[in-house]
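Visitor: Provided herewith: upload07.cif, mmCIF, C-alpha atoms.
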data_start
loop_
_atom_site.label_atom_id
_atom_site.label_comp_id
_atom_site.auth_asym_id
_atom_site.auth_seq_id
_atom_site.Cartn_x
_atom_site.Cartn_y
_atom_site.Cartn_z
CA MET I 1 -51.89 46.22 -46.30
CA LEU I 2 -49.21 45.93 -43.63
CA ILE I 3 -50.39 44.18 -40.46
CA PHE I 4 -48.28 44.36 -37.31
CA VAL I 5 -48.86 41.26 -35.15
CA GLY I 6 -47.61 40.86 -31.59
CA LEU I 7 -46.54 37.32 -30.72
CA GLY I 8 -46.68 37.74 -26.94
CA LEU I 9 -44.00 36.87 -24.47
CA TYR I 10 -42.80 33.30 -24.57
CA ASP I 11 -44.08 30.58 -26.92
CA LEU I 12 -46.40 29.59 -29.76
CA ASP I 13 -49.50 29.71 -27.57
CA ASP I 14 -49.18 33.43 -26.81
CA ILE I 15 -50.37 34.77 -30.16
CA SER I 16 -54.01 35.89 -30.39
CA LEU I 17 -56.60 34.22 -32.60
CA LYS I 18 -56.74 37.46 -34.61
CA GLY I 19 -52.99 37.24 -35.13
CA LEU I 20 -53.19 33.63 -36.31
CA GLN I 21 -55.95 34.52 -38.76
CA ALA I 22 -53.87 37.39 -40.15
CA ILE I 23 -50.94 35.06 -40.76
CA LYS I 24 -53.21 32.54 -42.46
CA GLU I 25 -54.48 35.19 -44.88
CA ALA I 26 -51.07 36.82 -45.52
CA ASP I 27 -49.21 36.80 -48.81
CA ALA I 28 -45.88 37.45 -47.06
CA VAL I 29 -44.87 37.01 -43.40
CA PHE I 30 -41.86 38.77 -41.88
CA LEU I 31 -40.39 37.99 -38.44
CA GLU I 32 -38.37 40.65 -36.65
CA THR I 33 -35.76 39.04 -34.38
CA TYR I 34 -33.80 41.90 -32.82
CA THR I 35 -36.04 43.57 -30.20
CA SER I 36 -37.26 40.32 -28.62
CA VAL I 37 -37.43 36.58 -29.22
CA LEU I 38 -39.77 33.83 -28.10
CA THR I 39 -37.40 31.58 -26.17
CA GLY I 40 -40.12 28.96 -25.62
CA THR I 41 -40.14 27.97 -29.29
CA THR I 42 -38.00 28.01 -32.44
CA ILE I 43 -38.34 29.59 -35.87
CA GLU I 44 -38.83 26.14 -37.41
CA GLN I 45 -41.65 25.38 -34.98
CA MET I 46 -43.23 28.72 -35.86
CA ARG I 47 -43.05 27.93 -39.58
CA GLU I 48 -44.68 24.55 -38.96
CA LYS I 49 -47.41 26.03 -36.73
CA TYR I 50 -48.28 28.88 -39.09
CA GLY I 51 -47.90 26.90 -42.33
CA LYS I 52 -45.97 29.81 -43.83
CA ASP I 53 -42.42 30.65 -44.76
CA LEU I 54 -41.02 33.33 -42.44
CA ILE I 55 -38.73 36.02 -43.81
CA ILE I 56 -36.30 36.77 -40.98
CA LEU I 57 -35.41 40.41 -40.35
CA LYS I 58 -32.51 41.93 -38.44
CA ARG I 59 -32.35 45.51 -37.21
CA GLN I 60 -30.73 46.89 -40.37
CA ASP I 61 -33.39 45.22 -42.51
CA VAL I 62 -36.14 47.21 -40.78
CA GLU I 63 -34.33 50.48 -40.11
CA GLN I 64 -32.25 50.81 -43.29
CA LYS I 65 -33.71 48.45 -45.91
CA PRO I 66 -37.48 48.23 -45.38
CA GLU I 67 -38.29 48.21 -49.12
CA PRO I 68 -39.03 44.44 -49.33
CA ILE I 69 -41.57 44.79 -46.50
CA LEU I 70 -43.22 47.83 -48.05
CA THR I 71 -43.24 46.29 -51.54
CA ALA I 72 -44.92 43.15 -50.21
CA ALA I 73 -47.52 45.31 -48.47
CA LYS I 74 -48.20 47.25 -51.68
CA ASN I 75 -48.71 44.06 -53.69
CA GLY I 76 -50.79 42.11 -51.14
CA ILE I 77 -51.15 41.47 -47.43
CA ALA I 78 -47.86 41.56 -45.51
CA VAL I 79 -47.67 40.55 -41.86
CA PHE I 80 -44.86 41.85 -39.65
CA LEU I 81 -44.38 39.63 -36.59
CA THR I 82 -42.75 40.90 -33.40
CA GLY I 83 -42.23 39.53 -29.93
CA GLY I 84 -44.41 41.17 -27.28
CA ASP I 85 -46.55 44.05 -28.54
CA PRO I 86 -45.68 45.53 -31.95
CA MET I 87 -45.54 49.23 -31.11
CA VAL I 88 -43.33 49.14 -28.03
CA SER I 89 -40.32 49.59 -30.34
CA THR I 90 -39.65 52.95 -32.01
CA THR I 91 -38.40 51.25 -35.19
CA HIS I 92 -41.78 49.58 -35.63
CA ALA I 93 -43.56 52.92 -35.28
CA ASP I 94 -41.20 54.35 -37.90
CA LEU I 95 -42.02 51.48 -40.27
CA ARG I 96 -45.75 52.15 -39.87
CA ILE I 97 -45.19 55.85 -40.64
CA ARG I 98 -43.23 54.95 -43.79
CA ALA I 99 -46.02 52.65 -44.93
CA HIS I 100 -48.64 55.35 -44.31
CA GLU I 101 -46.62 57.89 -46.30
CA GLN I 102 -46.61 55.48 -49.25
CA GLY I 103 -50.38 55.03 -49.12
CA ILE I 104 -50.24 51.55 -47.57
CA LEU I 105 -53.04 50.65 -45.18
CA THR I 106 -51.81 49.46 -41.79
CA LYS I 107 -53.30 47.58 -38.87
CA ILE I 108 -52.10 46.50 -35.41
CA ILE I 109 -52.98 43.23 -33.70
CA HIS I 110 -51.67 43.59 -30.17
CA GLY I 111 -49.88 40.99 -28.10
CA SER I 112 -49.03 40.71 -24.42
CA SER I 113 -46.12 42.98 -23.54
CA ILE I 114 -43.28 42.77 -21.04
CA VAL I 115 -44.28 46.28 -19.94
CA SER I 116 -47.55 45.04 -18.46
CA ALA I 117 -46.12 41.64 -17.48
CA VAL I 118 -43.54 43.33 -15.26
CA SER I 119 -46.26 44.99 -13.21
CA GLY I 120 -48.20 41.75 -12.95
CA LEU I 121 -45.23 39.65 -11.86
CA THR I 122 -43.74 42.17 -9.43
CA GLY I 123 -46.81 43.96 -8.10
CA LEU I 124 -45.14 47.29 -8.80
CA GLN I 125 -47.88 49.73 -9.76
CA ASN I 126 -47.75 50.55 -13.46
CA TYR I 127 -48.39 54.28 -13.03
CA ARG I 128 -45.27 54.59 -10.87
CA PHE I 129 -42.80 53.69 -13.64
CA GLY I 130 -40.63 56.39 -15.14
CA LYS I 131 -38.53 56.31 -18.28
CA SER I 132 -37.16 52.86 -19.11
CA CYS I 133 -33.58 52.16 -20.18
CA SER I 134 -31.45 49.45 -21.75
CA ILE I 135 -28.11 47.99 -20.73
CA PRO I 136 -26.00 47.04 -23.78
CA TYR I 137 -23.00 44.76 -23.70
CA PRO I 138 -19.94 47.02 -23.49
CA ALA I 139 -17.71 47.29 -26.54
CA PRO I 140 -14.09 48.44 -26.76
CA ASN I 141 -13.94 52.13 -25.75
CA TRP I 142 -17.72 52.20 -25.34
CA PHE I 143 -19.50 51.75 -22.03
CA PRO I 144 -22.44 54.20 -21.87
CA LYS I 145 -23.53 55.56 -18.50
CA THR I 146 -27.01 56.43 -19.77
CA PRO I 147 -28.77 53.50 -18.03
CA LEU I 148 -27.48 54.57 -14.62
CA ASP I 149 -28.38 58.21 -15.27
CA THR I 150 -31.93 57.18 -16.16
CA ILE I 151 -32.30 55.01 -13.05
CA HIS I 152 -31.11 57.76 -10.70
CA ALA I 153 -33.27 60.39 -12.39
CA ASN I 154 -36.28 58.13 -11.82
CA LEU I 155 -35.30 57.41 -8.21
CA LYS I 156 -35.11 61.14 -7.49
CA GLN I 157 -38.75 61.34 -8.62
CA ASN I 158 -39.66 58.20 -6.66
CA LEU I 159 -40.35 56.26 -9.86
CA HIS I 160 -39.58 52.65 -10.73
CA THR I 161 -37.38 51.76 -13.75
CA ILE I 162 -37.66 48.90 -16.22
CA VAL I 163 -34.16 47.97 -17.38
CA TYR I 164 -34.06 46.05 -20.64
CA LEU I 165 -31.13 43.66 -20.97
CA ASP I 166 -29.22 43.34 -24.23
CA ILE I 167 -30.30 40.77 -26.81
CA GLN I 168 -27.73 39.81 -29.43
CA GLU I 169 -27.66 37.13 -32.09
CA ASN I 170 -25.74 34.62 -30.00
CA ARG I 171 -26.18 35.81 -26.42
CA TYR I 172 -28.76 37.21 -24.05
CA MET I 173 -27.79 39.35 -21.08
CA SER I 174 -28.72 37.84 -17.72
CA VAL I 175 -29.95 39.53 -14.56
CA HIS I 176 -26.56 38.83 -12.97
CA GLU I 177 -24.69 40.47 -15.85
CA GLY I 178 -27.00 43.49 -15.80
CA ILE I 179 -26.45 44.06 -12.09
CA GLU I 180 -22.69 43.65 -12.44
CA LEU I 181 -22.56 46.22 -15.26
CA LEU I 182 -24.57 48.74 -13.21
CA GLU I 183 -22.23 48.20 -10.28
CA LYS I 184 -19.23 48.85 -12.54
CA LEU I 185 -20.83 52.11 -13.63
CA MET I 186 -21.24 53.09 -9.96
CA GLU I 187 -17.61 52.38 -9.02
CA GLY I 188 -15.95 55.38 -7.42
CA SER I 189 -19.22 57.21 -6.79
CA THR I 190 -21.62 57.53 -3.89
CA ASP I 191 -24.47 56.19 -6.02
CA SER I 192 -26.23 53.06 -4.85
CA ILE I 193 -29.22 50.91 -5.77
CA PRO I 194 -30.69 49.27 -2.66
CA ILE I 195 -33.26 46.98 -4.33
CA PHE I 196 -33.33 45.07 -7.59
CA VAL I 197 -36.04 42.84 -9.01
CA GLY I 198 -35.03 40.21 -11.54
CA ILE I 199 -37.48 38.41 -13.82
CA ALA I 200 -36.85 35.45 -16.09
CA ARG I 201 -39.09 33.89 -18.76
CA ALA I 202 -42.14 36.10 -18.30
CA GLY I 203 -45.13 34.46 -19.96
CA SER I 204 -43.91 30.91 -19.36
CA ASN I 205 -45.48 28.41 -16.95
CA SER I 206 -42.58 28.85 -14.53
CA PRO I 207 -41.26 32.43 -14.52
CA VAL I 208 -38.66 33.30 -11.89
CA VAL I 209 -39.11 36.54 -9.95
CA ALA I 210 -36.73 37.57 -7.17
CA ALA I 211 -36.30 40.83 -5.29
CA GLY I 212 -33.65 42.13 -2.92
CA SER I 213 -30.13 43.47 -2.77
CA SER I 214 -27.60 42.82 -5.51
CA GLU I 215 -25.91 40.28 -3.21
CA ARG I 216 -29.14 38.36 -2.78
CA LEU I 217 -30.00 38.33 -6.48
CA LYS I 218 -26.53 37.11 -7.42
CA LEU I 219 -27.34 33.92 -5.47
CA VAL I 220 -30.56 33.29 -7.38
CA ASP I 221 -30.52 30.87 -10.31
CA PHE I 222 -32.69 32.68 -12.86
CA GLY I 223 -32.17 29.97 -15.47
CA PRO I 224 -32.48 30.38 -19.25
CA PRO I 225 -33.41 33.66 -21.03
CA LEU I 226 -35.08 36.02 -21.51
CA HIS I 227 -34.29 38.10 -18.43
CA ILE I 228 -35.31 41.62 -17.45
CA LEU I 229 -34.35 43.83 -14.52
CA VAL I 230 -36.37 46.33 -12.49
CA VAL I 231 -35.09 48.99 -10.10
CA PRO I 232 -37.90 49.96 -7.71
CA ALA I 233 -38.25 53.30 -5.98
CA SER I 234 -39.68 53.40 -2.46
CA LEU I 235 -42.28 50.70 -2.05
CA HIS I 236 -45.95 51.22 -1.29
CA GLU I 237 -47.10 48.80 1.41
CA ILE I 238 -49.03 46.69 -1.12
CA GLU I 239 -46.02 46.59 -3.47
CA GLU I 240 -43.81 45.48 -0.57
CA GLU I 241 -46.27 42.80 0.49
CA TYR I 242 -46.54 41.53 -3.09
CA LEU I 243 -42.76 41.27 -3.43
CA LYS I 244 -42.56 39.44 -0.08
CA ASN I 245 -45.12 36.87 -1.23
CA PHE I 246 -44.13 36.40 -4.86
CA ALA I 247 -40.48 37.44 -5.11
CA GLY I 248 -38.97 36.36 -1.77
CA TYR I 249 -38.29 39.95 -0.76
CA VAL I 250 -37.03 40.47 2.80
CA PRO I 251 -36.88 44.18 3.81
CA GLN I 252 -33.59 45.22 5.36
#
Please lay out the structure from this file as structure tokens.

Guide:
Amino acid sequence: MLIFVGLGLYDLDDISLKGLQAIKEADAVFLETYTSVLTGTTIEQMREKYGKDLIILKRQDVEQKPEPILTAAKNGIAVFLTGGDPMVSTTHADLRIRAHEQGILTKIIHGSSIVSAVSGLTGLQNYRFGKSCSIPYPAPNWFPKTPLDTIHANLKQNLHTIVYLDIQENRYMSVHEGIELLEKLMEGSTDSIPIFVGIARAGSNSPVVAAGSSERLKLVDFGPPLHILVVPASLHEIEEEYLKNFAGYVPQ
């Protein structure tokens, strides 16, 4: 069997009791580290807490070389650990399909997700979100405009946008960097984004949530990772009141 276990948002305490039991009973435990990370703990602390060795996986290990995971699942119980909720990522859904096609039983043990946490921390109504997007760190001769296109398509439909910020092996994109990259993409155009909401360390005891113009958010110290960005559409009166109370939002 292959069991997908969501670790939640921030630290060792976020995993469910069902998830802990699955790890305890597992013959092999894999930890995926490319879609999200728990910044409130370390891999060594996780190994100590779970009493298991963790086989660390990068993107290519899951997308291109999943055979060790599938072999472990054929020969016993394999647990696949992910930050947040397991099936938010397309690559995880693909892995489950591959397992099913090989006759491997699968199971999902859900964890708290940034998708629902964003609504809780910002007060933005979850049914008003459109397609999400990601901002990658630019590379030489590569600076995709897709994130900005997605945001403006959502705004035209009066929908909010979750903007995922790049996670790499040695760096995590900040709210400030995300805003600056969007502004670079808008240079020379009439496009504008009047309101941003920045969130840092969702799931921790002291998350930071701030809303306002890009100028205002650039003055906010969001602190350590992980960060995420939201671009709201027009605000319902309850959404506006929530942002005033819990994100320091001051309407212009």

Visitor: Which one is closest to I:Thr33: I:Ile114, I:Gln168, I:Leu155, I:Asp11? Count all atoms listed in the file.

Guide: I:Gln168

Visitor: Check the smallest atom-to-atom distance from each of I:Gly6, I:Gly123, I:Pro68, I:Gly51 to I:Thr82 using only C-alpha atoms, then report the winner.

Guide: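 Ranked by minimum distance to I:Thr82, first place goes to I:Gly6.
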
Visitor: Here is a test: counting all atoms listed in the file, which residue of I:Leu182, I:Val118, I:Leu124, I:Val175 is nearest to I:Ala202?

Guide: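 Closest to I:Ala202 of all the choices is I:Val118.
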
Visitor: Atom CA of I:Ser174 and atom CA of I:Ile43, how far apart in Å?

Guide: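 Interatomic distance here is 22.1 Å.
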
Visitor: Name the residues in contact with I:Pro251 at a cut-off of 12 Å, using all atoms listed in the file, excluding same-chain residues fewer than 6 positions from it; report them as number ranges by chain.

Guide: I: 194-196, 211-213, 216, 234-235, 237, 239-241, 243-244

Visitor: My list of candidates is I:His100, I:Thr71, I:His152, I:Leu20. Which is closest to I:Thr190 when distances are computed with only C-alpha atoms?

Guide: I:His152

Visitor: Any idea what the distance is between atom CA of I:Ile151 and atom CA of I:Ser112?

Guide: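 Going from atom CA of I:Ile151 over to atom CA of I:Ser112, I get 24.8 Å.
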
Visitor: Hey, can you check how far atom CA of I:Ile3 sits from atom CA of I:Val79?

Guide: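 Here the two named atoms are 4.7 Å from each other.
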
Visitor: For the point (-24.5, 42.2, -6.3) in the file's frame, write as a list of chain:residue names all residues with an atom no more than 8 Å away, counting only C-alpha atoms.

Guide: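 Returned residue set, sorted by chain then number, is I:His176, I:Ile179, I:Glu180, I:Glu183, I:Ser213, I:Ser214, I:Glu215, I:Arg216, I:Leu217, I:Lys218.
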
Visitor: Restricting it to C-alpha atoms, dump the selection as a PDB file, in the coordinates of the input.

Guide:
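result32.pdb was written with the following content:
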ATOM      1  CA  HIS I 176     -26.560  38.830 -12.970  1.00  0.00           C
ATOM      2  CA  ILE I 179     -26.450  44.060 -12.090  1.00  0.00           C
ATOM      3  CA  GLU I 180     -22.690  43.650 -12.440  1.00  0.00           C
ATOM      4  CA  GLU I 183     -22.230  48.200 -10.280  1.00  0.00           C
ATOM      5  CA  SER I 213     -30.130  43.470  -2.770  1.00  0.00           C
ATOM      6  CA  SER I 214     -27.600  42.820  -5.510  1.00  0.00           C
ATOM      7  CA  GLU I 215     -25.910  40.280  -3.210  1.00  0.00           C
ATOM      8  CA  ARG I 216     -29.140  38.360  -2.780  1.00  0.00           C
ATOM      9  CA  LEU I 217     -30.000  38.330  -6.480  1.00  0.00           C
ATOM     10  CA  LYS I 218     -26.530  37.110  -7.420  1.00  0.00           C
TER      11      LYS I 218
END

Visitor: Once 3 Å is added on each side, what are the centre and the three edge lengths, in Å to one decimal, of the axis-aligned box enclosing the listed atoms of stretch 122-140 of chain I? Present them as JSON.

Guide:
{"center_x": -31.2, "center_y": 49.3, "center_z": -17.4, "size_x": 40.3, "size_y": 20.2, "size_z": 24.7}

Visitor: Taking only C-alpha atoms into account, which of I:Arg96, I:His110, I:Lys74, I:Lys131 comes nearest I:Asp27?

Guide: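 Checking each of I:Arg96, I:His110, I:Lys74, I:Lys131 against I:Asp27, counting only C-alpha atoms, the winner is I:Lys74.
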
Visitor: For the provided coordinates, the residues matched by the PyMOL selection byres ((chain I and resi 76) around 10) should be stated as an MDAnalysis selection string.

Guide: chainID I and resid 1:2 26:28 70:75 77:79

Visitor: Is it possible to get the residues within 12 Å of (-54.4, 33.0, -32.3) (coordinates as in the file, counting only C-alpha atoms) written as a ChimeraX atom specification?

Guide: /I:5-8,11-24,49-50,109-111

Visitor: Could you check the closest approach to I:Ser89 for each of I:Asp166, I:Glu32, I:Glu67, I:Glu44 and tell me which residue wins, using only C-alpha atoms?

Guide: I:Glu32

Visitor: Would you pick out the contacts of I:Val88 at 9 Å or less, using all atoms listed in the file, so that residues sharing its chain but fewer than 5 positions from it are not included, and give the list as a ChimeraX atom specification?

Guide: /I:93,113,115

Visitor: Just the residues within 10 Å of stretch 137-139 of chain I, please, counting only C-alpha atoms, with nothing from its chain fewer than 5 positions along; format it as an NGL selection string.

Guide: :I and (144 or 165-168 or 171-173 or 177-178 or 181)
